[in-house]
Structures are given as structure tokens and as C-alpha cells.
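Inspection log for the structure reproduced underneath, given as C-alpha cells.
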Amino acid sequence: MDVEGKRILITGGSSGIGLATARALVARGARLVITGRRSGEVDAAVEDLRTGGADVSGVSADVSTDDGRSTTLHGAMRALGGLDILMNNAGAVRAGRLDEIREDEIRAMVEVDLVAPILLTRAALPALKAEGGGMIVNVTSGIALVAMPFYATYAAVKAGLASFSESLRRELNGEGVHVLTVYPSGTDTPMMATNKAGADVGFSLEPAAAVAAAIIEGIEQETIAVVRGGPDRQAMIDLNRRDPLALDARFLATKSAFEEGVKSHDAM
Ligand SMILES: NC(=O)c1ccc[n+]([C@@H]2O[C@H](COP(=O)([O-])OP(=O)(O)OC[C@H]3O[C@@H](n4cnc5c(N)ncnc54)[C@H](OP(=O)(O)O)[C@@H]3O)[C@@H](O)[C@H]2O)c1
């Protein structure tokens with residue numbers, strides 16, 4: 001899909017991967033609405049993106065609530081007059097032992113990372129279908145392909161979103177609406193600020209701009225998936241399919257250090 005002039009809604013577009021993708025899209029002449037809960041962050045991002053005269057608006061709303069989703073979609077339709085691409089990108093994570101994570105934090109991850117993209121997509125489908133050539137971009141995570149320890153709920157909801165995305169792609173196949181699933185690996189964004197795990201336990205971060213460039217390529221080429229993390233991550237994905245116990249042994253060898261590094265990871 002050529003993104004020039006396309007009307008695009010990016011949830012969580014005020015920060016990180018969403019903001020980097022917004023930057024790359026306005027450089028190609030797309031029209032955008034970006035969202036987030038904190039209005040100050042949304043306003044600052046809109047101002048930044050408008051430099052050079054781009055058509056960008058912001059909506060401050062919580063996509064984990066019915067009202068917030070309604071505000072988000074109506075705000076986008078009002079500003080753009082229609083919708084060509086919905087990018088479900090807003091997300092939240094809380095790592096740690098399952099029995100040390102509060103129930104409200106578990107429910108919040110389910111709502112933001114899984115229920116919100118499903119219901120927002122459902123609400124946006126008529127507008128996307130009306131254009132005859134729409135696209136849905138679901139930002140899940142590499143954890144959907146290899147579930148790391150101490151991220152049980154986050155892994156579950158991101159795997160759920162990946163399956164939702166795959167099924168919907170096949171449901172809409174031949175009907176003009178394409179579905180692209182994005183699996184970022186560790187990315188240098190505010191979401192990772194509280195994650196202290198390092199290279200010793202296999203963590204590395206790439207710039208959000210690199211993920212954004214891959215997402216743009218995925219949209220333009222209409223591929224079905226963007227998987228980040230390079231050859232090492234791909235080898236891990238392959239091993240997890242072929243010999244999951246070998247990967248269990250690898251995680252066991254670094255388990256204490258891994259837990260120590262990720263237990264502070266809190267981006268809700
Ligand atoms: N960074 C990584 O290493 C990584 C790896 C794999 C997958 N991902 C996924 O990539 C996506 C983007 O993450 P990021 O790293 O770019 O994070 P980020 O920099 O923290 O940005 C998250 C964005 O989502 C918004 N948001 C969060 N909860 C929201 C809610 N309930 N309603 C509306 N907006 C909400 C945030 O704004 P407010 O806080 O103001 O609401 C912000 O704009 C997420 O789905 C994440 O799970 C990230």
C-alpha cells in the first residue's frame with residue numbers, strides 16, 4: 001500500500017514505536033491521528049510531528065475502556081474523514097513472578113494488550129471496509145513466539161493478539177482489508193526504562209526508528225508479519241519449535257539473573 005495521503009490512526013502514537021512510526025509516515029505524506037492517555041504527551045508529539053506542515057491530530061483517551069475506544073475512533077473519524085489504516089500499538093507490561101503481580105495489573109494487561117485491539121478493530125472495520133483497501137496493523141511482541149519466564153500474562157495476551165491477527169487476516173482475505181502482525185524484539189523506548197536486564201541474560205535494545213522502518217516496509221509491501229530481533233531471535237524461535245526443552249535449559253541457566261533484571265519492569 002502506498003501510504004501517501006492515507007488516513008491512519010495509531011494508538012499509543014505519542015511515544016516509542018508508535019511515535020517513530022508516526023514520524024516515518026508523515027515523512028511519506030500520510031495523514032495521522034495519534035493517541036495516548038496523557039494529553040501533555042499527545043500534544044507534544046502532535047506539535048513535533050506537525051513541523052513541516054504535516055496533517056496530524058491527537059486524541060487523549062484510554063483504549064482499555066469503552067468510552068476511551070469510542071472517543072479514540074470518533075476523534076479519528078472526525079479529524080480524518082475516514083480511515084485507511086488502524087495501527088493497534090498501545091500496550092502495557094508488568095513483569096515478575098505470577099504470584100507477585102497484583103490481580104488488577106493482570107487484568108489491566110488483558111484489557112490494554114488484548115481486549116482493546118480486538119474491540120477497536122471491530123468498531124473500525126466498517127470504516128476500513130468502506131474504503132475498499134484498508135489495513136490493520138497489530139503490534140504484538142516477540143514474546144508471542146518465545147515466551148520468556150516472568151512475563152506469563154504479557155506473553156499470554158501478546159500471543160492472543162498474534163492469533164487474533166492471524167485469524168482475522170484469513171477472515172478478511174479477499175475482501176480488501178489486509179492484516180499485518182508486528183513482533184518487536186527489545187526496543188529502546190520508555191516502556192523498557194524499568195527493565196534492568198542486560199546482554200548477560202540475552203536482552204538487547206534496537207532503536208524505535210529501526211522498528212518503524214520495518215513496519216513501513218511491511219505496510220508498503222503488504223507482508224503478513226514483521227519479526228524483529230535478527231538472526232539470533234530467529235534461531236531462538238526455531239529452537240523453541242524444534243526442541244523447547246533445550247530452550248528451557250538455556251533459560252534455567254540464567255534464571256536468577258533474568259528474574260533480578262526484569263522484576264522491576266513496570267510500564268502500565
Ligand atoms: N519496547 C519494546 O521492547 C517492545 C517489545 C515488544 C513489543 N512492544 C510493544 O510495542 C508497543 C509499543 O510499545 P513502546 O515500547 O513504544 O511503548 P511506550 O514508549 O511506552 O509507548 C506506549 C504508548 O501507548 C500508550 N498507552 C499505554 N496504555 C494506553 C492506554 N490504556 N490507552 C491509550 N494509550 C495507551 C502510551 O501513552 P500513555 O502512557 O500516555 O497512555 C504510549 O503512547 C506495545 O504494544 C508494546 O507491548 C514493545
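As shown in the C-alpha cells, the chain order sets the letters A, B, ...; within each chain, residues go from 1, and ligands are also counted from 1 in the order they appear.
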Q.
From a backbone DSSP assignment, name each residue in range 6-124 of chain A labelled strand (DSSP E), as a VMD selection string.
A. chain A and resid 7 to 10 31 to 36 56 to 60 85 to 88 93 to 94
Print the selection's residues with C-alpha atoms to a file, as a CSV table (one decimal), in the first residue's frame.
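The result, written out as result_30.csv:
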```
chain,number,residue,atom,x,y,z
A,7,ARG,CA,-5.6,8.3,6.8
A,8,ILE,CA,-4.0,6.5,9.7
A,9,LEU,CA,-4.9,6.0,13.4
A,10,ILE,CA,-2.1,5.0,15.7
A,31,ARG,CA,-2.4,11.9,7.5
A,32,LEU,CA,-2.4,10.9,11.1
A,33,VAL,CA,-4.3,10.7,14.4
A,34,ILE,CA,-2.1,9.6,17.3
A,35,THR,CA,-3.4,8.7,20.8
A,36,GLY,CA,-2.3,8.2,24.4
A,56,VAL,CA,-1.6,15.3,12.4
A,57,SER,CA,-4.1,15.4,15.2
A,58,GLY,CA,-4.2,13.9,18.7
A,59,VAL,CA,-6.7,12.2,20.9
A,60,SER,CA,-6.2,11.7,24.6
A,85,ILE,CA,-5.1,2.1,8.4
A,86,LEU,CA,-5.7,1.3,12.1
A,87,MET,CA,-2.5,0.6,14.0
A,88,ASN,CA,-3.2,-1.1,17.3
A,93,VAL,CA,3.6,-4.6,30.6
A,94,ARG,CA,4.3,-5.7,34.2
```
Counting only C-alpha atoms and all ligand atoms, which protein, DNA or RNA residues come within 7 Å of ligand 1, given as a PDB file with N, CA and C atoms, in the first residue's frame?
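Contents of selection.pdb, as written:
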```pdb
ATOM      1  N   THR A  11      -2.824   4.036  17.831  1.00  0.00           N
ATOM      2  CA  THR A  11      -2.993   4.103  19.291  1.00  0.00           C
ATOM      3  C   THR A  11      -1.609   4.044  19.923  1.00  0.00           C
ATOM      4  N   GLY A  12      -1.420   4.823  20.995  1.00  0.00           N
ATOM      5  CA  GLY A  12      -0.089   4.882  21.599  1.00  0.00           C
ATOM      6  C   GLY A  12       0.931   5.530  20.675  1.00  0.00           C
ATOM      7  N   GLY A  13       0.456   6.442  19.844  1.00  0.00           N
ATOM      8  CA  GLY A  13       1.365   7.114  18.904  1.00  0.00           C
ATOM      9  C   GLY A  13       2.142   8.268  19.528  1.00  0.00           C
ATOM     10  N   SER A  14       1.927   8.497  20.829  1.00  0.00           N
ATOM     11  CA  SER A  14       2.612   9.623  21.476  1.00  0.00           C
ATOM     12  C   SER A  14       4.000   9.261  21.977  1.00  0.00           C
ATOM     13  N   SER A  15       4.416   8.008  21.814  1.00  0.00           N
ATOM     14  CA  SER A  15       5.693   7.572  22.404  1.00  0.00           C
ATOM     15  C   SER A  15       6.263   6.372  21.639  1.00  0.00           C
ATOM     16  N   GLY A  16       7.551   6.135  21.811  1.00  0.00           N
ATOM     17  CA  GLY A  16       8.198   4.891  21.413  1.00  0.00           C
ATOM     18  C   GLY A  16       7.984   4.463  19.958  1.00  0.00           C
ATOM     19  N   ILE A  17       7.613   3.214  19.791  1.00  0.00           N
ATOM     20  CA  ILE A  17       7.449   2.629  18.450  1.00  0.00           C
ATOM     21  C   ILE A  17       6.337   3.349  17.683  1.00  0.00           C
ATOM     22  N   GLY A  18       5.249   3.698  18.378  1.00  0.00           N
ATOM     23  CA  GLY A  18       4.135   4.391  17.714  1.00  0.00           C
ATOM     24  C   GLY A  18       4.568   5.750  17.189  1.00  0.00           C
ATOM     25  N   THR A  35      -2.671   8.710  19.504  1.00  0.00           N
ATOM     26  CA  THR A  35      -3.361   8.730  20.790  1.00  0.00           C
ATOM     27  C   THR A  35      -2.452   8.340  21.944  1.00  0.00           C
ATOM     28  N   GLY A  36      -2.960   8.571  23.140  1.00  0.00           N
ATOM     29  CA  GLY A  36      -2.319   8.177  24.393  1.00  0.00           C
ATOM     30  C   GLY A  36      -3.218   8.687  25.506  1.00  0.00           C
ATOM     31  N   ARG A  37      -2.973   8.219  26.732  1.00  0.00           N
ATOM     32  CA  ARG A  37      -3.820   8.700  27.840  1.00  0.00           C
ATOM     33  C   ARG A  37      -3.401  10.092  28.297  1.00  0.00           C
ATOM     34  N   ARG A  38      -2.095  10.368  28.320  1.00  0.00           N
ATOM     35  CA  ARG A  38      -1.606  11.646  28.873  1.00  0.00           C
ATOM     36  C   ARG A  38      -1.652  12.725  27.799  1.00  0.00           C
ATOM     37  N   SER A  39      -2.543  13.720  28.034  1.00  0.00           N
ATOM     38  CA  SER A  39      -2.760  14.733  26.997  1.00  0.00           C
ATOM     39  C   SER A  39      -1.495  15.547  26.724  1.00  0.00           C
ATOM     40  N   GLU A  41       1.610  14.564  26.727  1.00  0.00           N
ATOM     41  CA  GLU A  41       2.477  13.784  25.837  1.00  0.00           C
ATOM     42  C   GLU A  41       1.918  13.769  24.413  1.00  0.00           C
ATOM     43  N   ALA A  61      -7.101   9.561  25.267  1.00  0.00           N
ATOM     44  CA  ALA A  61      -8.146   8.635  25.722  1.00  0.00           C
ATOM     45  C   ALA A  61      -7.500   7.309  26.109  1.00  0.00           C
ATOM     46  N   ASP A  62      -8.203   6.580  26.952  1.00  0.00           N
ATOM     47  CA  ASP A  62      -7.732   5.271  27.428  1.00  0.00           C
ATOM     48  C   ASP A  62      -8.408   4.175  26.597  1.00  0.00           C
ATOM     49  N   VAL A  63      -7.637   3.476  25.779  1.00  0.00           N
ATOM     50  CA  VAL A  63      -8.244   2.454  24.906  1.00  0.00           C
ATOM     51  C   VAL A  63      -8.709   1.210  25.662  1.00  0.00           C
ATOM     52  N   SER A  64      -8.401   1.151  26.963  1.00  0.00           N
ATOM     53  CA  SER A  64      -8.847  -0.021  27.715  1.00  0.00           C
ATOM     54  C   SER A  64     -10.280   0.129  28.217  1.00  0.00           C
ATOM     55  N   ASN A  89      -1.323  -0.243  18.629  1.00  0.00           N
ATOM     56  CA  ASN A  89       0.050  -0.224  19.136  1.00  0.00           C
ATOM     57  C   ASN A  89       0.134   0.021  20.645  1.00  0.00           C
ATOM     58  N   ALA A  90      -0.862   0.687  21.242  1.00  0.00           N
ATOM     59  CA  ALA A  90      -0.811   0.976  22.680  1.00  0.00           C
ATOM     60  C   ALA A  90      -0.647  -0.328  23.446  1.00  0.00           C
ATOM     61  N   GLY A  91       0.232  -0.314  24.435  1.00  0.00           N
ATOM     62  CA  GLY A  91       0.456  -1.550  25.182  1.00  0.00           C
ATOM     63  C   GLY A  91       0.979  -1.271  26.575  1.00  0.00           C
ATOM     64  N   ALA A  92       0.908  -2.301  27.422  1.00  0.00           N
ATOM     65  CA  ALA A  92       1.368  -2.176  28.806  1.00  0.00           C
ATOM     66  C   ALA A  92       1.993  -3.492  29.244  1.00  0.00           C
ATOM     67  N   VAL A  93       2.962  -3.399  30.158  1.00  0.00           N
ATOM     68  CA  VAL A  93       3.632  -4.614  30.639  1.00  0.00           C
ATOM     69  C   VAL A  93       3.971  -4.488  32.118  1.00  0.00           C
ATOM     70  N   VAL A 112      -5.675  -3.847  28.036  1.00  0.00           N
ATOM     71  CA  VAL A 112      -4.951  -2.931  27.132  1.00  0.00           C
ATOM     72  C   VAL A 112      -4.342  -3.686  25.950  1.00  0.00           C
ATOM     73  N   ASP A 113      -3.718  -4.831  26.245  1.00  0.00           N
ATOM     74  CA  ASP A 113      -2.940  -5.532  25.210  1.00  0.00           C
ATOM     75  C   ASP A 113      -3.784  -6.460  24.343  1.00  0.00           C
ATOM     76  N   VAL A 139       0.406  -4.504  16.711  1.00  0.00           N
ATOM     77  CA  VAL A 139       1.742  -4.591  17.301  1.00  0.00           C
ATOM     78  C   VAL A 139       1.676  -5.527  18.513  1.00  0.00           C
ATOM     79  N   THR A 140       2.178  -6.733  18.328  1.00  0.00           N
ATOM     80  CA  THR A 140       2.228  -7.689  19.425  1.00  0.00           C
ATOM     81  C   THR A 140       3.650  -7.679  19.969  1.00  0.00           C
ATOM     82  N   SER A 141       4.336  -8.799  20.071  1.00  0.00           N
ATOM     83  CA  SER A 141       5.695  -8.832  20.627  1.00  0.00           C
ATOM     84  C   SER A 141       6.363 -10.142  20.245  1.00  0.00           C
ATOM     85  N   GLY A 142       7.693 -10.117  20.212  1.00  0.00           N
ATOM     86  CA  GLY A 142       8.442 -11.355  20.008  1.00  0.00           C
ATOM     87  C   GLY A 142       8.141 -12.389  21.089  1.00  0.00           C
ATOM     88  N   TYR A 183       5.973  -8.095  15.373  1.00  0.00           N
ATOM     89  CA  TYR A 183       6.572  -8.740  16.545  1.00  0.00           C
ATOM     90  C   TYR A 183       7.876  -8.012  16.890  1.00  0.00           C
ATOM     91  N   PRO A 184       7.800  -6.871  17.625  1.00  0.00           N
ATOM     92  CA  PRO A 184       9.059  -6.207  18.001  1.00  0.00           C
ATOM     93  C   PRO A 184       9.845  -7.087  18.972  1.00  0.00           C
ATOM     94  N   SER A 185      11.157  -6.950  18.926  1.00  0.00           N
ATOM     95  CA  SER A 185      12.014  -7.530  19.961  1.00  0.00           C
ATOM     96  C   SER A 185      12.353  -6.368  20.907  1.00  0.00           C
ATOM     97  N   GLY A 186      13.384  -6.496  21.744  1.00  0.00           N
ATOM     98  CA  GLY A 186      13.710  -5.404  22.648  1.00  0.00           C
ATOM     99  C   GLY A 186      13.947  -4.104  21.885  1.00  0.00           C
ATOM    100  N   THR A 187      13.227  -3.054  22.256  1.00  0.00           N
ATOM    101  CA  THR A 187      13.293  -1.777  21.543  1.00  0.00           C
ATOM    102  C   THR A 187      13.496  -0.660  22.566  1.00  0.00           C
ATOM    103  N   ASP A 188      14.349   0.292  22.229  1.00  0.00           N
ATOM    104  CA  ASP A 188      14.718   1.358  23.158  1.00  0.00           C
ATOM    105  C   ASP A 188      13.610   2.415  23.221  1.00  0.00           C
ATOM    106  N   THR A 189      12.656   2.193  24.117  1.00  0.00           N
ATOM    107  CA  THR A 189      11.526   3.109  24.288  1.00  0.00           C
ATOM    108  C   THR A 189      11.288   3.302  25.784  1.00  0.00           C
ATOM    109  N   PRO A 190      10.432   4.273  26.155  1.00  0.00           N
ATOM    110  CA  PRO A 190      10.119   4.447  27.580  1.00  0.00           C
ATOM    111  C   PRO A 190       9.576   3.167  28.238  1.00  0.00           C
ATOM    112  N   MET A 191       8.929   2.300  27.458  1.00  0.00           N
ATOM    113  CA  MET A 191       8.404   1.054  28.034  1.00  0.00           C
ATOM    114  C   MET A 191       9.501   0.197  28.655  1.00  0.00           C
ATOM    115  N   MET A 192      10.729   0.333  28.158  1.00  0.00           N
ATOM    116  CA  MET A 192      11.826  -0.525  28.637  1.00  0.00           C
ATOM    117  C   MET A 192      12.659   0.145  29.738  1.00  0.00           C
ATOM    118  N   LEU A 205      18.596  -3.909  22.970  1.00  0.00           N
ATOM    119  CA  LEU A 205      17.575  -2.970  22.501  1.00  0.00           C
ATOM    120  C   LEU A 205      17.986  -2.371  21.166  1.00  0.00           C
ATOM    121  N   ALA A 267       5.582  -0.995  33.143  1.00  0.00           N
ATOM    122  CA  ALA A 267       5.153   0.094  32.247  1.00  0.00           C
ATOM    123  C   ALA A 267       3.658  -0.048  32.018  1.00  0.00           C
ATOM    124  N   MET A 268       2.908   0.394  33.009  1.00  0.00           N
ATOM    125  CA  MET A 268       1.450   0.281  32.951  1.00  0.00           C
ATOM    126  C   MET A 268       0.840   1.665  32.717  1.00  0.00           C
TER     127      MET A 268
END
```
Can you list, as a PDB file with C-alpha atoms, in the first residue's frame, every protein, DNA or RNA residue that comes within 9 Å of range 114-128 of chain A when you count only C-alpha atoms, leaving out same-chain residues fewer than 3 positions away?
```
ATOM      1  CA  VAL A  63      -8.244   2.454  24.906  1.00  0.00           C
ATOM      2  CA  SER A  64      -8.847  -0.021  27.715  1.00  0.00           C
ATOM      3  CA  THR A  65     -12.323   1.463  28.324  1.00  0.00           C
ATOM      4  CA  ASP A  66     -15.445   1.514  26.141  1.00  0.00           C
ATOM      5  CA  ARG A  69     -12.259   3.496  22.473  1.00  0.00           C
ATOM      6  CA  SER A  70     -15.317   5.433  21.351  1.00  0.00           C
ATOM      7  CA  THR A  72     -10.487   7.418  20.018  1.00  0.00           C
ATOM      8  CA  LEU A  73     -12.370   6.210  16.957  1.00  0.00           C
ATOM      9  CA  MET A  77     -13.017   9.827  12.023  1.00  0.00           C
ATOM     10  CA  GLY A  82     -12.447   8.206   7.159  1.00  0.00           C
ATOM     11  CA  LEU A  83      -9.864   5.551   7.934  1.00  0.00           C
ATOM     12  CA  ASP A  84      -7.414   3.619   5.764  1.00  0.00           C
ATOM     13  CA  ILE A  85      -5.115   2.096   8.420  1.00  0.00           C
ATOM     14  CA  LEU A  86      -5.688   1.254  12.082  1.00  0.00           C
ATOM     15  CA  MET A  87      -2.457   0.562  13.984  1.00  0.00           C
ATOM     16  CA  ASN A  88      -3.153  -1.110  17.336  1.00  0.00           C
ATOM     17  CA  ASN A  89       0.050  -0.224  19.136  1.00  0.00           C
ATOM     18  CA  ALA A  90      -0.811   0.976  22.680  1.00  0.00           C
ATOM     19  CA  GLY A  91       0.456  -1.550  25.182  1.00  0.00           C
ATOM     20  CA  MET A 109      -2.664  -6.109  30.711  1.00  0.00           C
ATOM     21  CA  VAL A 110      -5.528  -8.243  29.390  1.00  0.00           C
ATOM     22  CA  GLU A 111      -7.629  -5.122  28.752  1.00  0.00           C
ATOM     23  CA  GLU A 131     -12.512   2.381   1.667  1.00  0.00           C
ATOM     24  CA  GLY A 132     -12.197  -0.930  -0.163  1.00  0.00           C
ATOM     25  CA  GLY A 133      -8.486  -1.253   0.640  1.00  0.00           C
ATOM     26  CA  GLY A 134      -7.867  -0.782   4.340  1.00  0.00           C
ATOM     27  CA  MET A 135      -5.251  -2.237   6.646  1.00  0.00           C
ATOM     28  CA  ILE A 136      -4.972  -3.269  10.296  1.00  0.00           C
ATOM     29  CA  ASN A 138      -1.365  -5.167  15.194  1.00  0.00           C
ATOM     30  CA  VAL A 157      -2.015 -11.562  25.876  1.00  0.00           C
ATOM     31  CA  LYS A 158       0.563 -10.859  23.158  1.00  0.00           C
ATOM     32  CA  GLY A 160      -3.550 -13.919  21.972  1.00  0.00           C
ATOM     33  CA  LEU A 161      -3.217 -10.758  19.897  1.00  0.00           C
ATOM     34  CA  PHE A 164      -6.362 -12.808  16.683  1.00  0.00           C
ATOM     35  CA  SER A 165      -4.369 -11.071  13.980  1.00  0.00           C
ATOM     36  CA  GLY A 176      -9.787  -5.766   0.618  1.00  0.00           C
ATOM     37  CA  VAL A 177      -8.664  -5.358   4.226  1.00  0.00           C
TER      38      VAL A 177
END
```
Q) For His178 in chain A, which of A:Gln221, A:Thr21, A:Ser204, A:Thr194 is the closest residue, counting only C-alpha atoms? A) A:Gln221
Q. If you count only C-alpha atoms, which residues fall within 8 Å of range 24-27 of chain A, apart from same-chain ones fewer than 6 positions away, as a ChimeraX atom specification?
A. /A:3,49,54-55,212-213,216
How about saving the chosen residues, C-alpha atoms kept, as an mmCIF file, in the first residue's frame?
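Wrote result36.cif, looks like this:
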```cif
data_model
loop_
_atom_site.group_PDB
_atom_site.id
_atom_site.type_symbol
_atom_site.label_atom_id
_atom_site.label_comp_id
_atom_site.auth_asym_id
_atom_site.auth_seq_id
_atom_site.Cartn_x
_atom_site.Cartn_y
_atom_site.Cartn_z
ATOM 1 C CA VAL A 3 0.854 5.460 2.387
ATOM 2 C CA LEU A 49 5.000 15.787 14.053
ATOM 3 C CA ALA A 54 2.016 17.556 8.258
ATOM 4 C CA ASP A 55 -1.680 16.827 8.873
ATOM 5 C CA ALA A 212 9.321 1.846 12.448
ATOM 6 C CA ALA A 213 11.232 1.465 9.162
ATOM 7 C CA ILE A 216 6.600 0.937 6.941
#
```
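Closest approach to Lys263 in chain A from the set A:Ala197, A:Ala44, A:Leu19, A:Ala155 is made by A:Ala197, with distances taken over only C-alpha atoms.
The smallest atom-to-atom distance between Asp48 in chain A and any of A:Ala20, A:Leu252, A:Thr181, A:Phe258, using only C-alpha atoms, is found for A:Ala20.
Between CA of Ile224 in chain A and CA of Leu145 in chain A the separation is 15.0 Å.
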What's around Gly202 in chain A at 12 Å? Count only C-alpha atoms, leave out sequence neighbours fewer than 3 positions away in its own chain, and write the answer as a short mmCIF file (atom, residue, chain, number, x, y, z; two decimals) with N, CA and C atoms, in the first residue's frame.
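Just written: selection-v5.cif:
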```cif
data_model
loop_
_atom_site.label_atom_id
_atom_site.label_comp_id
_atom_site.auth_asym_id
_atom_site.auth_seq_id
_atom_site.Cartn_x
_atom_site.Cartn_y
_atom_site.Cartn_z
N MET A 148 9.13 -15.78 27.38
CA MET A 148 10.19 -15.68 28.40
C MET A 148 9.59 -15.92 29.79
N SER A 185 11.16 -6.95 18.93
CA SER A 185 12.01 -7.53 19.96
C SER A 185 12.35 -6.37 20.91
N GLY A 186 13.38 -6.50 21.74
CA GLY A 186 13.71 -5.40 22.65
C GLY A 186 13.95 -4.10 21.89
N LYS A 196 15.82 -3.80 33.80
CA LYS A 196 17.26 -3.70 34.09
C LYS A 196 18.04 -4.89 33.53
N ALA A 197 17.37 -5.81 32.83
CA ALA A 197 18.07 -6.98 32.30
C ALA A 197 18.99 -6.57 31.15
N GLY A 198 20.17 -7.17 31.08
CA GLY A 198 21.14 -6.77 30.08
C GLY A 198 21.55 -7.90 29.17
N ALA A 199 22.65 -7.65 28.45
CA ALA A 199 23.13 -8.61 27.45
C ALA A 199 23.51 -9.95 28.07
N LEU A 205 18.60 -3.91 22.97
CA LEU A 205 17.58 -2.97 22.50
C LEU A 205 17.99 -2.37 21.17
N GLY A 229 14.53 -8.62 15.77
CA GLY A 229 15.44 -9.36 16.65
C GLY A 229 16.56 -10.05 15.91
N ASP A 232 19.65 -14.06 15.67
CA ASP A 232 19.66 -14.72 16.99
C ASP A 232 18.24 -15.03 17.45
N ARG A 233 17.36 -14.04 17.28
CA ARG A 233 15.98 -14.25 17.69
C ARG A 233 15.32 -15.33 16.83
N MET A 236 16.28 -18.64 18.00
CA MET A 236 15.56 -18.98 19.24
C MET A 236 14.13 -19.44 18.95
N ARG A 250 18.33 -23.48 28.65
CA ARG A 250 19.06 -22.22 28.49
C ARG A 250 18.52 -21.16 29.45
N PHE A 251 17.20 -21.07 29.56
CA PHE A 251 16.60 -20.09 30.49
C PHE A 251 16.93 -20.45 31.93
N ALA A 253 19.59 -21.76 33.08
CA ALA A 253 20.98 -21.40 33.40
C ALA A 253 21.11 -19.93 33.82
N THR A 254 20.22 -19.07 33.35
CA THR A 254 20.32 -17.63 33.68
C THR A 254 19.11 -17.16 34.49
N LYS A 255 18.35 -18.11 35.02
CA LYS A 255 17.05 -17.75 35.61
C LYS A 255 17.13 -16.69 36.72
N ALA A 257 19.50 -14.43 37.43
CA ALA A 257 19.92 -13.12 36.90
C ALA A 257 18.80 -12.51 36.06
N PHE A 258 18.10 -13.36 35.31
CA PHE A 258 17.00 -12.88 34.48
C PHE A 258 15.90 -12.29 35.37
N GLY A 261 16.84 -8.98 36.82
CA GLY A 261 16.82 -7.89 35.84
C GLY A 261 15.42 -7.43 35.47
N VAL A 262 14.47 -8.35 35.39
CA VAL A 262 13.16 -7.97 34.85
C VAL A 262 12.10 -7.69 35.92
#
```
Q.
Could you go through range 128-254 of chain A and tell me which residues DSSP, when run on the backbone, assigns to helix (DSSP H, G or I), listing them as a PyMOL selection string?
A. chain A and resi 128-130+142-144+152-172+190-192+199-201+208-221+230-242+244-253
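Every protein, DNA or RNA residue with an atom at most 12 Å from Ala249 in chain A, where only C-alpha atoms count and chain neighbours fewer than 6 positions away do not, is listed here: A:Pro149, A:Leu239, A:Asn240, A:Asp243, A:Lys255.
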